[in-house]
Amino acid sequence: MKYTHLGRSGVQVSRLCLGTMNFGPKTPEEDAHTIMDAAREAGINFFDTANVYGWENKGLTEEIVGRWFAKGGGRREDTVIATKLYGSMGPGPNDTFLSALNIRQALDASLKRLQTDHIDLYQFHHVDRNTPWDEIWQAMETAVAQGKVIYNGSSNFAGWHIAEAQETARRRRFNGLISEQSIYNLLTRAVELEVIPAAQKYGLGLIPWSPLQGGLLGGVLKAQNDGGRRAEGRVQDMLAKHRNQIQAYEDLAGDLQIEPGILALAWLLHQPAVSAPIVGPRTSGQLDDALAALDVELDEDTLAKLDAIFPGHRPAPEDYAW
């Protein structure tokens, strides 16, 4: 396993982050524990979850991870655990968003479900436009002082949100954010405009979610041609819109003799702002496929071909102005 510092922090995380969103709703608990054991054995020390995961049974995913930690054997000590708050966890008016009150309540509830005394990376799942950053950081300063949180991260922030958060933290002499979790993949590259430049300016590591764009970059055409399951729903709609690009991409993967999903992950691992893409396997086999991306080296010619298929962005404003 390869490791890297998460942003400007001193903590080192594996180049792949194990996403747990499927644990519970799609992956039974026993299988989820098997996947976490396999990830740990492979050297993945960075796990991501959220308090809302479990969806109809919110909190279930954290509970599954917590019961895995409770098995002992160094599982908790070896893991940099990241979770998130923002989404509604109850019917009350203060069961959502980033008020100091909800931060306190949500943090204590996540600690209980995860069966741990601290969160290594506590992330804001979305920006809260109605709570001032002074209130948010005051609550997090208290949590850090209490030993309940070590680092903070953001998710789904715009570039200016990162700047606002960091400038307020700087004024308060607080560490602020060390990571940003955004959708980022070959097809969805809008973060290259302002989010990535802001993250690099302030020393945040990027944690991409949906590295395969919901499976669209995982060999969907090849699977259909081989008689496998056809794309459905949103993926089918996106495939209809981007079919020529996806075909060109899968043809390139075939020429390189690399599975499309592995190629998509390998491309992310070659992006300088990226700390660790989130992989969310439903099975141990899918975890093995993700691990294979760590051994793929892409030369400049291949990277250029991928950019030709899926054009990216220069930082703003040069992307659209002089």
# chains A, B, ... in the order shown; residues from 1 in each chain; ligands from 1
call {"tool": "residues_around", "arguments": {"residues": "region 79-88 of chain A", "least_positions_apart": "2", "cutoff": "6 Å", "atoms": "only C-alpha atoms", "output": "list in words"}}
result
Asn45, Phe46, Phe47, Asp48, Thr49, Ala50, Arg76, Glu77, Gly90, Asp95, Thr96, Phe97, Leu98, Asp120, Leu121, Tyr122, Gln123, Phe124 and His125 of chain A
call {"tool": "residues_around", "arguments": {"residues": "Asn22 (chain A)", "least_positions_apart": "4", "cutoff": "7 Å", "atoms": "only C-alpha atoms", "output": "list of chain:residue names"}}
result
A:Lys26, A:Thr27, A:Gly280, A:Arg282
call {"tool": "closest_residue", "arguments": {"among": "A:Gly59, A:Tyr3, A:Gln181, A:Met36", "to": "Gly24 (chain A)", "atoms": "only C-alpha atoms"}}
result
A:Gly59
call {"tool": "residues_around", "arguments": {"residues": "Glu297 (chain A)", "least_positions_apart": "3", "cutoff": "9 Å", "atoms": "only C-alpha atoms", "output": "VMD selection string"}}
result
chain A and resid 266 to 267 270 293 to 294
call {"tool": "residues_around", "arguments": {"residues": "region 310-321 of chain A", "least_positions_apart": "4", "cutoff": "7 Å", "atoms": "only C-alpha atoms", "output": "number ranges by chain"}}
result
A: 186-187, 189-190, 192-194, 197, 306
call {"tool": "residues_around", "arguments": {"residues": "Ile178 (chain A)", "least_positions_apart": "6", "cutoff": "12 Å", "atoms": "only C-alpha atoms", "output": "PDB file with N, CA and C atoms, in the first residue's frame"}}
result
ATOM      1  N   HIS A   5       0.355  12.089   2.947  1.00  0.00           N
ATOM      2  CA  HIS A   5      -0.201  13.004   3.950  1.00  0.00           C
ATOM      3  C   HIS A   5      -1.543  13.520   3.461  1.00  0.00           C
ATOM      4  N   LEU A   6      -2.494  13.621   4.362  1.00  0.00           N
ATOM      5  CA  LEU A   6      -3.800  14.161   4.020  1.00  0.00           C
ATOM      6  C   LEU A   6      -3.705  15.684   4.064  1.00  0.00           C
ATOM      7  N   GLY A   7      -3.627  16.267   2.882  1.00  0.00           N
ATOM      8  CA  GLY A   7      -3.446  17.710   2.799  1.00  0.00           C
ATOM      9  C   GLY A   7      -2.154  18.138   3.473  1.00  0.00           C
ATOM     10  N   ARG A   8      -2.226  19.245   4.196  1.00  0.00           N
ATOM     11  CA  ARG A   8      -1.032  19.785   4.866  1.00  0.00           C
ATOM     12  C   ARG A   8      -0.814  19.153   6.233  1.00  0.00           C
ATOM     13  N   SER A   9      -1.681  18.212   6.616  1.00  0.00           N
ATOM     14  CA  SER A   9      -1.589  17.623   7.948  1.00  0.00           C
ATOM     15  C   SER A   9      -0.436  16.628   8.027  1.00  0.00           C
ATOM     16  N   GLY A  10      -0.143  16.203   9.245  1.00  0.00           N
ATOM     17  CA  GLY A  10       0.896  15.197   9.451  1.00  0.00           C
ATOM     18  C   GLY A  10       0.387  13.776   9.360  1.00  0.00           C
ATOM     19  N   VAL A  11      -0.939  13.583   9.319  1.00  0.00           N
ATOM     20  CA  VAL A  11      -1.482  12.232   9.310  1.00  0.00           C
ATOM     21  C   VAL A  11      -1.319  11.613   7.921  1.00  0.00           C
ATOM     22  N   ASP A 120     -11.352  10.797  13.841  1.00  0.00           N
ATOM     23  CA  ASP A 120     -10.091  11.301  13.295  1.00  0.00           C
ATOM     24  C   ASP A 120     -10.317  12.454  12.317  1.00  0.00           C
ATOM     25  N   LEU A 121     -11.314  12.317  11.440  1.00  0.00           N
ATOM     26  CA  LEU A 121     -11.628  13.374  10.470  1.00  0.00           C
ATOM     27  C   LEU A 121     -13.137  13.605  10.489  1.00  0.00           C
ATOM     28  N   TYR A 122     -13.551  14.730  11.052  1.00  0.00           N
ATOM     29  CA  TYR A 122     -14.978  15.048  11.152  1.00  0.00           C
ATOM     30  C   TYR A 122     -15.298  16.049  10.050  1.00  0.00           C
ATOM     31  N   GLN A 123     -16.175  15.643   9.127  1.00  0.00           N
ATOM     32  CA  GLN A 123     -16.404  16.395   7.900  1.00  0.00           C
ATOM     33  C   GLN A 123     -17.800  17.020   7.865  1.00  0.00           C
ATOM     34  N   PHE A 124     -17.858  18.206   7.295  1.00  0.00           N
ATOM     35  CA  PHE A 124     -19.123  18.878   7.050  1.00  0.00           C
ATOM     36  C   PHE A 124     -19.630  18.399   5.693  1.00  0.00           C
ATOM     37  N   ILE A 150     -10.080  15.150  15.927  1.00  0.00           N
ATOM     38  CA  ILE A 150      -8.687  15.530  15.677  1.00  0.00           C
ATOM     39  C   ILE A 150      -8.589  16.509  14.514  1.00  0.00           C
ATOM     40  N   TYR A 151      -9.196  16.151  13.367  1.00  0.00           N
ATOM     41  CA  TYR A 151      -9.129  17.000  12.175  1.00  0.00           C
ATOM     42  C   TYR A 151     -10.531  17.280  11.657  1.00  0.00           C
ATOM     43  N   ASN A 152     -10.636  18.369  10.869  1.00  0.00           N
ATOM     44  CA  ASN A 152     -11.890  18.706  10.207  1.00  0.00           C
ATOM     45  C   ASN A 152     -11.725  18.700   8.696  1.00  0.00           C
ATOM     46  N   GLY A 153     -12.796  18.316   8.007  1.00  0.00           N
ATOM     47  CA  GLY A 153     -12.816  18.350   6.557  1.00  0.00           C
ATOM     48  C   GLY A 153     -14.159  18.850   6.058  1.00  0.00           C
ATOM     49  N   SER A 154     -14.205  19.221   4.799  1.00  0.00           N
ATOM     50  CA  SER A 154     -15.437  19.666   4.163  1.00  0.00           C
ATOM     51  C   SER A 154     -15.826  18.683   3.071  1.00  0.00           C
ATOM     52  N   SER A 155     -17.043  18.829   2.581  1.00  0.00           N
ATOM     53  CA  SER A 155     -17.526  17.997   1.488  1.00  0.00           C
ATOM     54  C   SER A 155     -18.545  18.796   0.686  1.00  0.00           C
ATOM     55  N   ILE A 162     -14.491  27.217   0.828  1.00  0.00           N
ATOM     56  CA  ILE A 162     -13.227  26.801   1.444  1.00  0.00           C
ATOM     57  C   ILE A 162     -12.456  28.031   1.918  1.00  0.00           C
ATOM     58  N   ALA A 165     -14.131  29.549   5.001  1.00  0.00           N
ATOM     59  CA  ALA A 165     -13.888  28.723   6.184  1.00  0.00           C
ATOM     60  C   ALA A 165     -12.464  28.897   6.695  1.00  0.00           C
ATOM     61  N   GLN A 166     -11.512  28.887   5.792  1.00  0.00           N
ATOM     62  CA  GLN A 166     -10.112  28.955   6.202  1.00  0.00           C
ATOM     63  C   GLN A 166      -9.713  30.330   6.709  1.00  0.00           C
ATOM     64  N   ALA A 169     -11.040  30.534  10.199  1.00  0.00           N
ATOM     65  CA  ALA A 169     -10.219  29.713  11.086  1.00  0.00           C
ATOM     66  C   ALA A 169      -8.872  30.387  11.366  1.00  0.00           C
ATOM     67  N   ALA A 198      -8.469  26.219  -4.818  1.00  0.00           N
ATOM     68  CA  ALA A 198      -8.635  26.659  -3.435  1.00  0.00           C
ATOM     69  C   ALA A 198      -8.071  25.631  -2.466  1.00  0.00           C
ATOM     70  N   ALA A 199      -8.328  24.357  -2.733  1.00  0.00           N
ATOM     71  CA  ALA A 199      -7.809  23.302  -1.859  1.00  0.00           C
ATOM     72  C   ALA A 199      -6.283  23.321  -1.842  1.00  0.00           C
ATOM     73  N   GLN A 200      -5.681  23.489  -2.998  1.00  0.00           N
ATOM     74  CA  GLN A 200      -4.217  23.514  -3.051  1.00  0.00           C
ATOM     75  C   GLN A 200      -3.661  24.754  -2.366  1.00  0.00           C
ATOM     76  N   LYS A 201      -4.319  25.884  -2.522  1.00  0.00           N
ATOM     77  CA  LYS A 201      -3.872  27.131  -1.892  1.00  0.00           C
ATOM     78  C   LYS A 201      -3.864  26.995  -0.370  1.00  0.00           C
ATOM     79  N   TYR A 202      -4.902  26.351   0.184  1.00  0.00           N
ATOM     80  CA  TYR A 202      -5.045  26.259   1.638  1.00  0.00           C
ATOM     81  C   TYR A 202      -4.546  24.930   2.208  1.00  0.00           C
ATOM     82  N   GLY A 203      -3.965  24.096   1.375  1.00  0.00           N
ATOM     83  CA  GLY A 203      -3.364  22.866   1.871  1.00  0.00           C
ATOM     84  C   GLY A 203      -4.353  21.777   2.223  1.00  0.00           C
ATOM     85  N   LEU A 204      -5.447  21.689   1.460  1.00  0.00           N
ATOM     86  CA  LEU A 204      -6.442  20.642   1.689  1.00  0.00           C
ATOM     87  C   LEU A 204      -6.193  19.478   0.733  1.00  0.00           C
ATOM     88  N   GLY A 205      -6.262  18.271   1.250  1.00  0.00           N
ATOM     89  CA  GLY A 205      -6.203  17.107   0.391  1.00  0.00           C
ATOM     90  C   GLY A 205      -7.566  16.839  -0.208  1.00  0.00           C
ATOM     91  N   LEU A 206      -7.610  16.450  -1.489  1.00  0.00           N
ATOM     92  CA  LEU A 206      -8.880  16.168  -2.154  1.00  0.00           C
ATOM     93  C   LEU A 206      -9.206  14.684  -2.031  1.00  0.00           C
ATOM     94  N   ILE A 207     -10.443  14.410  -1.611  1.00  0.00           N
ATOM     95  CA  ILE A 207     -10.930  13.039  -1.460  1.00  0.00           C
ATOM     96  C   ILE A 207     -12.091  12.876  -2.442  1.00  0.00           C
ATOM     97  N   SER A 275      -5.652  13.126  -2.678  1.00  0.00           N
ATOM     98  CA  SER A 275      -5.044  12.318  -1.620  1.00  0.00           C
ATOM     99  C   SER A 275      -5.470  10.864  -1.752  1.00  0.00           C
TER     100      SER A 275
END
call {"tool": "select_by_dssp", "arguments": {"residues": "region 65-224 of chain A", "states": "alpha helix (DSSP H)", "output": "PyMOL selection string"}}
result
chain A and resi 65-69+100-114+133-145+159-171+195-202+220-224
call {"tool": "closest_residue", "arguments": {"among": "A:Leu291, A:Leu177, A:Ala240, A:Ala42", "to": "Gly261 (chain A)", "atoms": "only C-alpha atoms"}}
result
A:Leu291
call {"tool": "closest_residue", "arguments": {"among": "A:Leu256, A:Arg129, A:Asp237, A:Ile103", "to": "Asp301 (chain A)", "atoms": "only C-alpha atoms"}}
result
A:Leu256
call {"tool": "residues_around", "arguments": {"residues": "Leu217 (chain A)", "least_positions_apart": "4", "cutoff": "7 Å", "atoms": "only C-alpha atoms", "output": "list in words"}}
result
Leu212, Gln213, Pro260, Gly261 and Ala264 of chain A
call {"tool": "write_last_selection", "arguments": {"atoms": "N, CA, C and O atoms", "output": "CSV table (one decimal), in the first residue's frame"}}
result
chain,number,residue,atom,x,y,z
A,212,LEU,N,-16.1,6.5,-10.3
A,212,LEU,CA,-16.5,5.8,-11.6
A,212,LEU,C,-17.8,6.4,-12.1
A,212,LEU,O,-18.5,5.8,-13.0
A,213,GLN,N,-18.2,7.6,-11.6
A,213,GLN,CA,-19.4,8.2,-12.0
A,213,GLN,C,-20.6,7.3,-12.0
A,213,GLN,O,-21.3,7.0,-12.9
A,260,PRO,N,-11.7,-0.8,-17.5
A,260,PRO,CA,-12.1,0.6,-17.5
A,260,PRO,C,-12.1,1.2,-16.1
A,260,PRO,O,-11.7,2.3,-15.8
A,261,GLY,N,-12.7,0.4,-15.1
A,261,GLY,CA,-12.8,0.9,-13.8
A,261,GLY,C,-11.5,1.2,-13.1
A,261,GLY,O,-11.3,2.1,-12.4
A,264,ALA,N,-10.0,4.4,-14.6
A,264,ALA,CA,-10.5,5.6,-14.0
A,264,ALA,C,-9.9,5.9,-12.7
A,264,ALA,O,-9.6,7.1,-12.4
call {"tool": "closest_residue", "arguments": {"among": "A:Val65, A:Ile136, A:Ile278, A:Leu111", "to": "Ser99 (chain A)", "atoms": "only C-alpha atoms"}}
result
A:Ile136
